[in-house]
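In what follows, a single structure is set out as structure tokens and then discussed.
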Amino acid sequence: MVNQNNNMNKITMLLIVIVMTFLITSCSNKNETNIDEEFDESVFVVDIPELDNLHESVFLLWHDAYPNKNYDTIKEMLPSLDVSISNLQQVELPEILHGKKEEWDNELTKIDSNMKLLHVAVEQNDEESMLKGVESFHTSYEKLVSIIRPKLPELESFHQEMYKMYHYFMPNENVKEIQELIPILKTKVELLKQAQLSYRYKDRQDQYNKAVSELEMSINTLELSANSNDIETLKLDVENLHTAYQAVEHTFE
């Protein structure tokens with residue numbers, strides 16, 4: 001009878017272990033799923049096919065019609081350009097670019113206005129205005145591209161990490177995730193410190209270096225508050241980090 005009871009106890013304990021293991025595994029998988037859903041890497045992929053499609057027309061306009069003063073080509077391209085602009089106006093920016101929506105909308109308005117001026121020039125057969133219209137249209141297109149494709153890859157790399165902190169971790173007060181992200185931000189800022197601006201922005205290198213230095217200091221300050229229990233100070237330091245990042249970004253404006 002004693003052996004039977006012992007066997008029953010062993011079976012009971014085994015069942016308990018199996019159930020607990022199942023519960024722990026389920027919770028772990030659930031957490032992993034939440035993280036994967038929360039940080040779907042696709043939010044960092046900036047792909048706007050409508051803008052890529054417009055590039056084909058812009059390339060032909062700028063590198064053929066404009067230098068060769070091919071006015072017939074300019075006239076023939078208007079219908080396809082109209083379609084491209086209409087499609088662009090329907091684009092919903094990726095989540096990662098939500099902070100640039102106002103800038104994007106402003107440039108869309110400008111490129112649409114330039115398109116209308118180009119139509120007027122064509123209708124009036126004003127060749128000089130047609131060339132000026134193509135030039136203005138090309139400038140607007142370049143500005144749209146610069147909004148979604150940063151001039152400094154290292155800065156976009158930093159932004160992708162900071163984005164998680166600013167829009168996910170801090171609003172949910174996930175202090176542990178913020179702590180774990182700080183060493184990554186430090187690595188990213190080191191790359192920013194080593195970056196040399198292109199010839200176009202060469203005269204802004206000192207301004208850029210100063211802004212990056214302040215960004216680095218904001219990370220160090222953030223690290224201190226992340227290791228404390230003062231959540232309000234941490235929120236403030238995350239906000240300051242975001243502001244410091246924007247200062248670096250403004251170097252290129």
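Ordering of the structure tokens sets the chain letters (A, B, ...); residue numbers start at 1 within each chain; ligands are numbered from 1 in the order shown.
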Surrounding residues of region 135-137 of chain A excluding itself and chain neighbours under 2 positions, 8 Å, only C-alpha atoms, as a PyMOL selection string: chain A and resi 62+66+111+114-115+131-133+139-141
Would you save the residues of that selection, restricted to C-alpha atoms, as a PDB file, in the first residue's frame?
ATOM      1  CA  TRP A  62      16.232  65.925 -66.419  1.00  0.00           C
ATOM      2  CA  TYR A  66      16.083  69.358 -70.340  1.00  0.00           C
ATOM      3  CA  ILE A 111       5.551  69.411 -56.746  1.00  0.00           C
ATOM      4  CA  ASN A 114       5.213  72.924 -60.244  1.00  0.00           C
ATOM      5  CA  MET A 115       3.340  70.377 -62.322  1.00  0.00           C
ATOM      6  CA  LEU A 131      12.698  74.398 -69.089  1.00  0.00           C
ATOM      7  CA  LYS A 132      12.258  76.319 -65.849  1.00  0.00           C
ATOM      8  CA  GLY A 133       9.252  74.127 -65.061  1.00  0.00           C
ATOM      9  CA  THR A 139      14.034  70.043 -57.451  1.00  0.00           C
ATOM     10  CA  SER A 140      10.717  69.101 -55.828  1.00  0.00           C
ATOM     11  CA  TYR A 141      11.287  65.445 -56.653  1.00  0.00           C
TER      12      TYR A 141
END
Show me a table, sorted first by chain and then by increasing residue number, of the residues of region 179-243 of chain A having an atom at most 7 Å from region 153-158 of chain A, each with its shortest atom pair and the distance in Å to one decimal, counting only C-alpha atoms and written as CSV.
residue,atom,partner,partner_atom,distance
A:Leu185,CA,A:Phe158,CA,6.6
A:Lys188,CA,A:Phe158,CA,5.5
A:Leu191,CA,A:Glu154,CA,6.5
A:Leu192,CA,A:Glu154,CA,5.9
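Using only C-alpha atoms, the shortest contact distance between Leu51 (chain A) and any of A:Glu142, A:Glu232, A:Asp72, A:Glu249 is found at A:Glu142.
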What's the 8 Å shell around region 208-221 of chain A, counting only C-alpha atoms, without same-chain residues fewer than 5 positions away, as a ChimeraX atom specification? /A:182,185-186,189,192-193,237,240-241,244-245,247-248,251
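Contact shell of region 52-55 of chain A at 9 Å (only C-alpha atoms; same-chain neighbours under 5 positions omitted): Asp47, Leu60, Ser80, Leu81, Ser84, Ile85, Leu88 and Tyr141 of chain A.
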Emit the selected residues as a tab-separated table (two decimals), in the first residue's frame, including C-alpha atoms.
chain	number	residue	atom	x	y	z
A	47	ASP	CA	9.67	51.65	-49.71
A	60	LEU	CA	14.15	61.21	-68.76
A	80	SER	CA	2.22	60.07	-67.18
A	81	LEU	CA	3.54	62.73	-64.79
A	84	SER	CA	2.45	59.75	-60.91
A	85	ILE	CA	1.64	62.88	-58.91
A	88	LEU	CA	1.92	60.06	-54.76
A	141	TYR	CA	11.29	65.44	-56.65
Which parts of region 81-171 of chain A does DSSP call alpha helix (DSSP H) when run on the backbone here, written out as a PyMOL selection string? chain A and resi 81-89+101-123+127-148+153-164
Considering only C-alpha atoms, return as a PyMOL selection string whatever protein or nucleic-acid residues lie within 8 Å of Ile178 (chain A), sequence-local ones (same chain, fewer than 6 positions apart) excluded. chain A and resi 165+169-170+226
Find the residues near His98 (chain A): any atom within 12 Å, counting only C-alpha atoms, skip ones fewer than 2 places away on the same chain, and give them as an MDAnalysis selection string. chainID A and resid 43:44 46 92:96 100:105 147:148 163 167
